[in-house]
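Source file: data.pdb. Holds: PDB, C-alpha atoms and all ligand atoms.
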ATOM      1  CA  MET D   1     -10.946  29.361 -21.542  1.00  0.00           C
ATOM      2  CA  PRO D   2      -8.446  31.014 -19.164  1.00  0.00           C
ATOM      3  CA  THR D   3      -9.996  29.532 -16.020  1.00  0.00           C
ATOM      4  CA  GLU D   4      -9.780  25.964 -17.276  1.00  0.00           C
ATOM      5  CA  THR D   5      -7.925  23.343 -15.286  1.00  0.00           C
ATOM      6  CA  VAL D   6      -4.804  22.033 -16.999  1.00  0.00           C
ATOM      7  CA  TRP D   7      -4.102  18.399 -16.209  1.00  0.00           C
ATOM      8  CA  LEU D   8      -0.562  17.073 -16.426  1.00  0.00           C
ATOM      9  CA  PHE D   9      -0.748  13.302 -16.582  1.00  0.00           C
ATOM     10  CA  ASP D  10       2.200  11.073 -15.884  1.00  0.00           C
ATOM     11  CA  LEU D  11       2.198   7.926 -18.029  1.00  0.00           C
ATOM     12  CA  ASP D  12       3.756   4.871 -16.351  1.00  0.00           C
ATOM     13  CA  ASN D  13       1.821   3.604 -13.311  1.00  0.00           C
ATOM     14  CA  THR D  14      -0.588   6.519 -13.627  1.00  0.00           C
ATOM     15  CA  LEU D  15      -2.456   6.032 -16.914  1.00  0.00           C
ATOM     16  CA  HIS D  16      -1.505   2.369 -17.177  1.00  0.00           C
ATOM     17  CA  ASP D  17      -0.130  -0.369 -14.962  1.00  0.00           C
ATOM     18  CA  CYS D  18       3.518  -1.089 -15.684  1.00  0.00           C
ATOM     19  CA  SER D  19       4.047  -3.532 -12.886  1.00  0.00           C
ATOM     20  CA  ARG D  20       3.020  -6.654 -14.781  1.00  0.00           C
ATOM     21  CA  HIS D  21       5.437  -6.608 -17.746  1.00  0.00           C
ATOM     22  CA  ILE D  22       6.771  -3.270 -18.868  1.00  0.00           C
ATOM     23  CA  PHE D  23       8.873  -2.153 -15.883  1.00  0.00           C
ATOM     24  CA  GLN D  24      10.649  -5.494 -15.701  1.00  0.00           C
ATOM     25  CA  ARG D  25      11.411  -5.221 -19.388  1.00  0.00           C
ATOM     26  CA  ILE D  26      12.740  -1.650 -19.167  1.00  0.00           C
ATOM     27  CA  ASP D  27      14.772  -2.352 -16.010  1.00  0.00           C
ATOM     28  CA  ARG D  28      16.350  -5.416 -17.611  1.00  0.00           C
ATOM     29  CA  ASN D  29      17.125  -3.504 -20.797  1.00  0.00           C
ATOM     30  CA  MET D  30      18.709  -0.654 -18.811  1.00  0.00           C
ATOM     31  CA  ALA D  31      20.857  -3.013 -16.747  1.00  0.00           C
ATOM     32  CA  ASP D  32      21.936  -4.888 -19.915  1.00  0.00           C
ATOM     33  CA  LEU D  33      22.924  -1.624 -21.599  1.00  0.00           C
ATOM     34  CA  MET D  34      24.865  -0.436 -18.548  1.00  0.00           C
ATOM     35  CA  MET D  35      26.680  -3.773 -18.292  1.00  0.00           C
ATOM     36  CA  ARG D  36      27.754  -3.463 -21.917  1.00  0.00           C
ATOM     37  CA  TRP D  37      28.408   0.267 -22.141  1.00  0.00           C
ATOM     38  CA  LEU D  38      30.088   0.692 -18.720  1.00  0.00           C
ATOM     39  CA  ASN D  39      31.596  -2.792 -18.466  1.00  0.00           C
ATOM     40  CA  LEU D  40      29.828  -3.636 -15.182  1.00  0.00           C
ATOM     41  CA  ASP D  41      28.546  -6.887 -13.714  1.00  0.00           C
ATOM     42  CA  ARG D  42      24.783  -7.215 -13.217  1.00  0.00           C
ATOM     43  CA  ALA D  43      24.699  -6.412  -9.495  1.00  0.00           C
ATOM     44  CA  ARG D  44      26.726  -3.226  -9.959  1.00  0.00           C
ATOM     45  CA  ALA D  45      24.674  -2.189 -12.985  1.00  0.00           C
ATOM     46  CA  ASP D  46      21.425  -2.670 -11.061  1.00  0.00           C
ATOM     47  CA  ALA D  47      22.715  -0.728  -8.044  1.00  0.00           C
ATOM     48  CA  LEU D  48      23.877   2.182 -10.218  1.00  0.00           C
ATOM     49  CA  ARG D  49      20.628   2.182 -12.195  1.00  0.00           C
ATOM     50  CA  LEU D  50      18.616   2.575  -8.975  1.00  0.00           C
ATOM     51  CA  ALA D  51      21.011   5.121  -7.453  1.00  0.00           C
ATOM     52  CA  TYR D  52      20.736   7.432 -10.468  1.00  0.00           C
ATOM     53  CA  TRP D  53      16.974   6.945 -10.675  1.00  0.00           C
ATOM     54  CA  LYS D  54      16.605   8.058  -7.058  1.00  0.00           C
ATOM     55  CA  ARG D  55      19.033  10.964  -7.329  1.00  0.00           C
ATOM     56  CA  TYR D  56      18.064  12.424 -10.697  1.00  0.00           C
ATOM     57  CA  GLY D  57      14.560  11.094 -11.433  1.00  0.00           C
ATOM     58  CA  ALA D  58      15.903   9.104 -14.389  1.00  0.00           C
ATOM     59  CA  THR D  59      18.821   6.721 -14.701  1.00  0.00           C
ATOM     60  CA  ALA D  60      19.688   8.382 -18.007  1.00  0.00           C
ATOM     61  CA  ALA D  61      20.294  11.749 -16.343  1.00  0.00           C
ATOM     62  CA  GLY D  62      22.997  10.232 -14.127  1.00  0.00           C
ATOM     63  CA  LEU D  63      24.590   8.433 -17.066  1.00  0.00           C
ATOM     64  CA  GLU D  64      24.719  11.650 -19.066  1.00  0.00           C
ATOM     65  CA  LEU D  65      26.170  13.626 -16.164  1.00  0.00           C
ATOM     66  CA  HIS D  66      28.734  11.142 -14.880  1.00  0.00           C
ATOM     67  CA  HIS D  67      29.593   8.962 -17.868  1.00  0.00           C
ATOM     68  CA  GLY D  68      29.067  11.164 -20.916  1.00  0.00           C
ATOM     69  CA  ILE D  69      26.410   8.836 -22.325  1.00  0.00           C
ATOM     70  CA  ALA D  70      23.745  10.721 -24.305  1.00  0.00           C
ATOM     71  CA  ALA D  71      20.550  10.313 -22.282  1.00  0.00           C
ATOM     72  CA  ALA D  72      18.420  10.188 -25.412  1.00  0.00           C
ATOM     73  CA  ASP D  73      20.427   7.246 -26.816  1.00  0.00           C
ATOM     74  CA  PHE D  74      20.206   5.271 -23.566  1.00  0.00           C
ATOM     75  CA  ILE D  75      16.489   5.895 -23.094  1.00  0.00           C
ATOM     76  CA  ALA D  76      15.632   5.107 -26.679  1.00  0.00           C
ATOM     77  CA  ALA D  77      17.612   1.832 -26.505  1.00  0.00           C
ATOM     78  CA  ALA D  78      16.020   0.798 -23.175  1.00  0.00           C
ATOM     79  CA  HIS D  79      12.500   1.441 -24.505  1.00  0.00           C
ATOM     80  CA  ASP D  80      13.087  -0.207 -27.865  1.00  0.00           C
ATOM     81  CA  PHE D  81      10.549  -3.029 -27.698  1.00  0.00           C
ATOM     82  CA  ASP D  82       7.036  -3.693 -28.890  1.00  0.00           C
ATOM     83  CA  VAL D  83       4.509  -2.666 -26.211  1.00  0.00           C
ATOM     84  CA  ARG D  84       1.583  -4.309 -27.951  1.00  0.00           C
ATOM     85  CA  GLY D  85      -0.057  -6.808 -25.617  1.00  0.00           C
ATOM     86  CA  LEU D  86       1.919  -5.535 -22.590  1.00  0.00           C
ATOM     87  CA  VAL D  87      -0.227  -2.496 -21.710  1.00  0.00           C
ATOM     88  CA  HIS D  88      -2.858  -2.808 -18.969  1.00  0.00           C
ATOM     89  CA  ALA D  89      -5.186  -0.057 -17.772  1.00  0.00           C
ATOM     90  CA  GLU D  90      -8.492   0.451 -16.013  1.00  0.00           C
ATOM     91  CA  PRO D  91     -11.545  -0.217 -18.184  1.00  0.00           C
ATOM     92  CA  GLY D  92     -13.178   2.732 -19.967  1.00  0.00           C
ATOM     93  CA  LEU D  93     -10.101   4.939 -19.620  1.00  0.00           C
ATOM     94  CA  SER D  94     -10.764   6.886 -22.828  1.00  0.00           C
ATOM     95  CA  ARG D  95     -14.368   7.577 -21.849  1.00  0.00           C
ATOM     96  CA  LYS D  96     -13.276   8.754 -18.404  1.00  0.00           C
ATOM     97  CA  LEU D  97     -10.688  11.139 -19.854  1.00  0.00           C
ATOM     98  CA  ALA D  98     -13.304  12.491 -22.249  1.00  0.00           C
ATOM     99  CA  LEU D  99     -15.627  13.213 -19.308  1.00  0.00           C
ATOM    100  CA  LEU D 100     -12.950  15.073 -17.373  1.00  0.00           C
ATOM    101  CA  PRO D 101     -13.145  18.808 -18.156  1.00  0.00           C
ATOM    102  CA  GLY D 102      -9.980  20.752 -18.872  1.00  0.00           C
ATOM    103  CA  ARG D 103      -6.855  20.656 -21.013  1.00  0.00           C
ATOM    104  CA  LYS D 104      -4.782  17.481 -20.834  1.00  0.00           C
ATOM    105  CA  ILE D 105      -1.025  17.204 -21.257  1.00  0.00           C
ATOM    106  CA  LEU D 106       1.065  14.046 -21.064  1.00  0.00           C
ATOM    107  CA  LEU D 107       4.214  14.607 -18.984  1.00  0.00           C
ATOM    108  CA  THR D 108       6.542  11.630 -18.873  1.00  0.00           C
ATOM    109  CA  ASN D 109      10.230  10.880 -18.353  1.00  0.00           C
ATOM    110  CA  ALA D 110       9.853   8.161 -21.003  1.00  0.00           C
ATOM    111  CA  PRO D 111      10.839   8.730 -24.649  1.00  0.00           C
ATOM    112  CA  GLU D 112       8.309  10.040 -27.128  1.00  0.00           C
ATOM    113  CA  ARG D 113       8.223   6.964 -29.349  1.00  0.00           C
ATOM    114  CA  TYR D 114       7.397   4.669 -26.412  1.00  0.00           C
ATOM    115  CA  ALA D 115       4.882   7.156 -24.938  1.00  0.00           C
ATOM    116  CA  ARG D 116       3.033   7.427 -28.228  1.00  0.00           C
ATOM    117  CA  ALA D 117       2.999   3.635 -28.638  1.00  0.00           C
ATOM    118  CA  VAL D 118       1.489   3.194 -25.153  1.00  0.00           C
ATOM    119  CA  LEU D 119      -1.110   5.929 -25.783  1.00  0.00           C
ATOM    120  CA  ARG D 120      -1.985   4.201 -29.046  1.00  0.00           C
ATOM    121  CA  GLU D 121      -2.430   0.871 -27.260  1.00  0.00           C
ATOM    122  CA  LEU D 122      -4.659   2.608 -24.695  1.00  0.00           C
ATOM    123  CA  LYS D 123      -6.515   4.411 -27.519  1.00  0.00           C
ATOM    124  CA  ILE D 124      -6.276   7.737 -25.684  1.00  0.00           C
ATOM    125  CA  THR D 125      -3.865   9.783 -27.849  1.00  0.00           C
ATOM    126  CA  GLN D 126      -6.635  12.109 -28.994  1.00  0.00           C
ATOM    127  CA  HIS D 127      -7.242  13.447 -25.476  1.00  0.00           C
ATOM    128  CA  PHE D 128      -3.831  15.109 -25.181  1.00  0.00           C
ATOM    129  CA  GLU D 129      -3.095  18.515 -26.666  1.00  0.00           C
ATOM    130  CA  LEU D 130       0.614  18.094 -25.907  1.00  0.00           C
ATOM    131  CA  ILE D 131       2.852  15.085 -25.358  1.00  0.00           C
ATOM    132  CA  TRP D 132       5.888  16.249 -23.361  1.00  0.00           C
ATOM    133  CA  THR D 133       8.524  13.551 -23.003  1.00  0.00           C
ATOM    134  CA  ILE D 134      12.164  13.240 -21.988  1.00  0.00           C
ATOM    135  CA  ASP D 135      13.039  14.111 -25.604  1.00  0.00           C
ATOM    136  CA  HIS D 136      11.829  17.651 -24.840  1.00  0.00           C
ATOM    137  CA  MET D 137      13.413  18.063 -21.408  1.00  0.00           C
ATOM    138  CA  HIS D 138      16.786  19.669 -22.093  1.00  0.00           C
ATOM    139  CA  LEU D 139      17.539  23.046 -20.554  1.00  0.00           C
ATOM    140  CA  GLN D 140      20.815  24.788 -21.327  1.00  0.00           C
ATOM    141  CA  GLY D 141      22.209  21.600 -22.778  1.00  0.00           C
ATOM    142  CA  ARG D 142      21.451  19.459 -19.732  1.00  0.00           C
ATOM    143  CA  LEU D 143      18.721  16.896 -19.237  1.00  0.00           C
ATOM    144  CA  ARG D 144      16.085  18.265 -16.851  1.00  0.00           C
ATOM    145  CA  CYS D 145      13.379  15.648 -16.378  1.00  0.00           C
ATOM    146  CA  LYS D 146      10.849  15.215 -13.582  1.00  0.00           C
ATOM    147  CA  PRO D 147      11.273  16.116 -10.732  1.00  0.00           C
ATOM    148  CA  SER D 148      13.121  19.181 -12.082  1.00  0.00           C
ATOM    149  CA  LYS D 149      11.403  22.390 -10.982  1.00  0.00           C
ATOM    150  CA  ALA D 150      13.135  24.302 -13.792  1.00  0.00           C
ATOM    151  CA  MET D 151      11.528  21.962 -16.333  1.00  0.00           C
ATOM    152  CA  LEU D 152       8.078  22.415 -14.735  1.00  0.00           C
ATOM    153  CA  ARG D 153       8.465  26.212 -14.837  1.00  0.00           C
ATOM    154  CA  GLN D 154       9.486  26.018 -18.486  1.00  0.00           C
ATOM    155  CA  LEU D 155       6.382  23.955 -19.236  1.00  0.00           C
ATOM    156  CA  LEU D 156       4.163  26.475 -17.404  1.00  0.00           C
ATOM    157  CA  ALA D 157       5.625  29.279 -19.529  1.00  0.00           C
ATOM    158  CA  ARG D 158       4.996  27.285 -22.685  1.00  0.00           C
ATOM    159  CA  LEU D 159       1.395  26.522 -21.682  1.00  0.00           C
ATOM    160  CA  ARG D 160       0.834  30.164 -20.627  1.00  0.00           C
ATOM    161  CA  VAL D 161      -1.104  29.177 -17.525  1.00  0.00           C
ATOM    162  CA  PRO D 162      -0.629  30.173 -13.893  1.00  0.00           C
ATOM    163  CA  ALA D 163       0.627  27.282 -11.761  1.00  0.00           C
ATOM    164  CA  HIS D 164      -2.477  27.230  -9.536  1.00  0.00           C
ATOM    165  CA  ARG D 165      -4.597  26.179 -12.564  1.00  0.00           C
ATOM    166  CA  VAL D 166      -2.389  23.143 -13.146  1.00  0.00           C
ATOM    167  CA  VAL D 167      -2.790  19.714 -11.546  1.00  0.00           C
ATOM    168  CA  LEU D 168      -0.064  17.081 -11.726  1.00  0.00           C
ATOM    169  CA  VAL D 169      -1.391  13.513 -11.527  1.00  0.00           C
ATOM    170  CA  ASP D 170       1.580  11.249 -10.854  1.00  0.00           C
ATOM    171  CA  ASP D 171       2.496   8.105  -8.904  1.00  0.00           C
ATOM    172  CA  THR D 172       5.929   9.367  -7.775  1.00  0.00           C
ATOM    173  CA  PHE D 173       6.230  11.476  -4.604  1.00  0.00           C
ATOM    174  CA  ALA D 174       9.334  13.385  -5.708  1.00  0.00           C
ATOM    175  CA  ASN D 175       7.513  14.656  -8.813  1.00  0.00           C
ATOM    176  CA  LEU D 176       4.540  15.844  -6.752  1.00  0.00           C
ATOM    177  CA  ARG D 177       6.840  17.588  -4.284  1.00  0.00           C
ATOM    178  CA  SER D 178       8.405  19.647  -7.109  1.00  0.00           C
ATOM    179  CA  ALA D 179       5.011  20.418  -8.636  1.00  0.00           C
ATOM    180  CA  LYS D 180       3.796  21.741  -5.296  1.00  0.00           C
ATOM    181  CA  ALA D 181       6.970  23.802  -4.884  1.00  0.00           C
ATOM    182  CA  VAL D 182       6.283  25.631  -8.177  1.00  0.00           C
ATOM    183  CA  GLY D 183       2.652  26.277  -7.153  1.00  0.00           C
ATOM    184  CA  MET D 184       0.769  23.445  -8.880  1.00  0.00           C
ATOM    185  CA  ARG D 185      -1.943  21.247  -7.357  1.00  0.00           C
ATOM    186  CA  THR D 186      -0.984  17.620  -6.852  1.00  0.00           C
ATOM    187  CA  MET D 187      -2.725  14.284  -6.996  1.00  0.00           C
ATOM    188  CA  LEU D 188      -1.006  11.084  -6.040  1.00  0.00           C
ATOM    189  CA  CYS D 189      -2.123   8.197  -8.212  1.00  0.00           C
ATOM    190  CA  HIS D 190      -1.322   5.490  -5.724  1.00  0.00           C
ATOM    191  CA  HIS D 191       0.374   2.461  -7.191  1.00  0.00           C
ATOM    192  CA  PRO D 192       1.882  -0.178  -4.908  1.00  0.00           C
ATOM    193  CA  GLY D 193       4.412  -1.109  -7.600  1.00  0.00           C
ATOM    194  CA  THR D 194       6.118   2.278  -7.783  1.00  0.00           C
ATOM    195  CA  PRO D 195       9.687   2.034  -6.507  1.00  0.00           C
ATOM    196  CA  HIS D 196      10.724   4.020  -3.408  1.00  0.00           C
ATOM    197  CA  ASN D 197       7.221   5.166  -2.532  1.00  0.00           C
ATOM    198  CA  ALA D 198       6.990   2.717   0.355  1.00  0.00           C
ATOM    199  CA  ARG D 199       9.180   4.951   2.536  1.00  0.00           C
ATOM    200  CA  HIS D 200       6.659   7.796   2.278  1.00  0.00           C
ATOM    201  CA  HIS D 201       4.064   6.836   4.859  1.00  0.00           C
ATOM    202  CA  GLY D 202       1.002   8.817   5.870  1.00  0.00           C
ATOM    203  CA  ARG D 203      -0.039  12.138   4.422  1.00  0.00           C
ATOM    204  CA  SER D 204       2.415  14.416   2.734  1.00  0.00           C
ATOM    205  CA  ALA D 205       1.938  18.174   2.809  1.00  0.00           C
ATOM    206  CA  TYR D 206       2.603  18.399  -0.909  1.00  0.00           C
ATOM    207  CA  VAL D 207      -0.088  15.861  -1.885  1.00  0.00           C
ATOM    208  CA  ASP D 208      -3.484  17.573  -2.255  1.00  0.00           C
ATOM    209  CA  ARG D 209      -5.385  14.398  -2.995  1.00  0.00           C
ATOM    210  CA  ARG D 210      -4.828  10.671  -3.378  1.00  0.00           C
ATOM    211  CA  ILE D 211      -6.579   8.681  -6.055  1.00  0.00           C
ATOM    212  CA  LYS D 212      -6.516   5.003  -6.955  1.00  0.00           C
ATOM    213  CA  SER D 213      -7.754   5.349 -10.523  1.00  0.00           C
ATOM    214  CA  ILE D 214      -8.573   7.941 -13.168  1.00  0.00           C
ATOM    215  CA  ALA D 215     -12.251   7.290 -12.391  1.00  0.00           C
ATOM    216  CA  ASP D 216     -11.655   8.889  -8.972  1.00  0.00           C
ATOM    217  CA  LEU D 217     -10.961  12.221 -10.723  1.00  0.00           C
ATOM    218  CA  LEU D 218     -14.545  12.198 -12.001  1.00  0.00           C
ATOM    219  CA  ASN D 219     -15.988  11.344  -8.601  1.00  0.00           C
ATOM    220  CA  GLY D 220     -14.242  14.377  -7.141  1.00  0.00           C
ATOM    221  CA  ARG D 221     -15.509  16.777  -9.788  1.00  0.00           C
ATOM    222  CA  GLN D 222     -17.235  18.960  -7.215  1.00  0.00           C
ATOM    223  CA  ARG D 223     -13.825  19.905  -5.864  1.00  0.00           C
ATOM    224  CA  TYR D 224     -12.155  20.021  -9.297  1.00  0.00           C
ATOM    225  CA  PRO D 225     -11.842  22.001 -11.511  1.00  0.00           C
ATOM    226  CA  LEU D 226     -10.186  24.240  -9.005  1.00  0.00           C
ATOM    227  CA  ALA D 227     -11.652  27.654  -8.460  1.00  0.00           C
TER     228      ALA D 227
HETATM  229 MG    MG D 301       4.971   7.115 -13.108  1.00  0.00          MG
END
Turn the structure described in the file into structure tokens.
Amino acid sequence: MPTETVWLFDLDNTLHDCSRHIFQRIDRNMADLMMRWLNLDRARADALRLAYWKRYGATAAGLELHHGIAAADFIAAAHDFDVRGLVHAEPGLSRKLALLPGRKILLTNAPERYARAVLRELKITQHFELIWTIDHMHLQGRLRCKPSKAMLRQLLARLRVPAHRVVLVDDTFANLRSAKAVGMRTMLCHHPGTPHNARHHGRSAYVDRRIKSIADLLNGRQRYPLA
């Protein structure tokens, strides 16, 4: 149906809560890899990891650009652990997604293998017509992950939908800002554990709506889908 809403769902700290185990695990793995591969001490590795995350949306993008490390190799290595037992989400998530009308796409800066493992743990894989991960986010030979506007435009072209039919649900302000800039609707899935969000106080012009859970999307159904 051409008037259908297309939902782009972020994964980490949007569809599940990473703050209990998974983020610590990924951050530690990334710092360990950077210590080994770049010959850094832990403090320097941690500082560089955060600096690239803030500047490029993913630590891997900075490593690829400045150190010639293949982003895919770094990301795959950092996410190479068993997620079983580590995934936490709101109850009834699959039922809530089923009740939400519209097409659903997963859009994550995580690698595909990890994303699929988390979706499997959450038992929600079947709701997504497309799983778009960092493995798919190369444009002209360069990694373009969220918050890249070029990547979002490429995804819109692939989905063949006008931007105003698309809603990005994400916990990271920078990603929502880019989505708004290319004409999408935006929903902030507020998570207190998301790094660097604390400095964004009050309302932001590029956030159409704030939600605390996926259940909130159903409560607002009168306003969405978007006419
Ligand atoms: Mg996230």
### Message
Excluding Pro91 (chain D) and its own-chain neighbours fewer than 3 positions away, which residues fall within 10 Å of it when counting all atoms listed in the file? Please give them as an NGL selection string.
### Response
:D and (88 or 94-96 or 122 or 215)
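CA of Lys146 (chain D) is found 14.7 Å from CA of Glu112 (chain D).
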Using only C-alpha atoms and all ligand atoms, tabulate the residues of chain D lying at most 7 Å from any atom of ligand MG 301 (chain D), each with its closest atom pair and that distance in Å to one decimal, by chain and increasing residue number, as CSV.
residue,atom,partner,partner_atom,distance
D:Asp10,CA,D:MG301,MG,5.6
D:Leu11,CA,D:MG301,MG,5.7
D:Asp12,CA,D:MG301,MG,4.1
D:Asn13,CA,D:MG301,MG,4.7
D:Thr14,CA,D:MG301,MG,5.6
D:Asp170,CA,D:MG301,MG,5.8
D:Asp171,CA,D:MG301,MG,5.0
D:Thr172,CA,D:MG301,MG,5.9
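Restricting the calculation to only C-alpha atoms, the smallest distance between Arg113 (chain D) and any of D:His79, D:Arg28, D:Arg20, D:Arg142 is found for D:His79.
Across the structure, CA of Asp80 (chain D) and CA of Cys189 (chain D) are spaced 26.2 Å apart.
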### Query
Got a sec to resolve the PyMOL selection byres (((chain D and resi 93) around 12) and not hetatm) on this structure and send the residues as a PyMOL selection string?
chain D and resi 14-16+88-92+94-100+119+121-125+127+213-218
### Nearest to Ala31 (chain D) by atom-to-atom distance, counting all atoms listed in the file, from D:Leu50, D:Leu188, D:Ala76, D:Cys18
D:Leu50
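Within the file as shown, the PyMOL selection byres (((chain D and resi 5) around 7) and not hetatm) identifies Thr3, Glu4, Val6, Trp7, Gly102, Arg103, Arg165, Val166, Pro225 and Leu226 of chain D.
Counting all atoms listed in the file, Ala77 (chain D) has the following residues at most 10 Å away, ignoring those fewer than 4 positions along the same chain: Ile26, Asn29, Met30, Leu33, Ala71, Ala72, Asp73, Phe81 and Pro111 of chain D.
As for CA of Ser148 (chain D) and CA of Ser19 (chain D), they are spaced 24.5 Å apart.
Considering all atoms listed in the file, the residue among D:Ala117, D:Val169, D:Leu65, D:Ala179 positioned nearest to Phe9 (chain D) is D:Val169.
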### Contact residues around Ala163 (chain D) with all atoms listed in the file at 9 Å, ignoring same-chain residues under 3 positions, as a count of residues only
9
Since the input is missing atoms, can you rebuild N, CA and C atoms for region 109-122 of chain D and write them as a short mmCIF file (atom, residue, chain, number, x, y, z; two decimals), in the coordinates of the input?
data_model
loop_
_atom_site.label_atom_id
_atom_site.label_comp_id
_atom_site.auth_asym_id
_atom_site.auth_seq_id
_atom_site.Cartn_x
_atom_site.Cartn_y
_atom_site.Cartn_z
N ASN D 109 8.78 11.01 -18.19
CA ASN D 109 10.23 10.88 -18.35
C ASN D 109 10.59 9.76 -19.33
N ALA D 110 9.60 9.19 -19.98
CA ALA D 110 9.85 8.16 -21.00
C ALA D 110 10.08 8.85 -22.36
N PRO D 111 10.64 8.13 -23.32
CA PRO D 111 10.84 8.73 -24.65
C PRO D 111 9.54 8.84 -25.44
N GLU D 112 9.54 9.75 -26.39
CA GLU D 112 8.31 10.04 -27.13
C GLU D 112 7.77 8.82 -27.90
N ARG D 113 8.68 8.08 -28.53
CA ARG D 113 8.22 6.96 -29.35
C ARG D 113 7.46 5.93 -28.50
N TYR D 114 8.03 5.61 -27.34
CA TYR D 114 7.40 4.67 -26.41
C TYR D 114 6.07 5.24 -25.91
N ALA D 115 6.09 6.53 -25.50
CA ALA D 115 4.88 7.16 -24.94
C ALA D 115 3.75 7.11 -25.96
N ARG D 116 4.08 7.44 -27.20
CA ARG D 116 3.03 7.43 -28.23
C ARG D 116 2.53 6.01 -28.50
N ALA D 117 3.42 5.03 -28.42
CA ALA D 117 3.00 3.64 -28.64
C ALA D 117 2.05 3.18 -27.53
N VAL D 118 2.36 3.57 -26.28
CA VAL D 118 1.49 3.19 -25.15
C VAL D 118 0.13 3.90 -25.29
N LEU D 119 0.15 5.20 -25.61
CA LEU D 119 -1.11 5.93 -25.78
C LEU D 119 -1.95 5.30 -26.89
N ARG D 120 -1.27 4.85 -27.93
CA ARG D 120 -1.98 4.20 -29.05
C ARG D 120 -2.64 2.91 -28.57
N GLU D 121 -1.89 2.12 -27.81
CA GLU D 121 -2.43 0.87 -27.26
C GLU D 121 -3.64 1.15 -26.37
N LEU D 122 -3.57 2.24 -25.61
CA LEU D 122 -4.66 2.61 -24.70
C LEU D 122 -5.80 3.31 -25.43
#
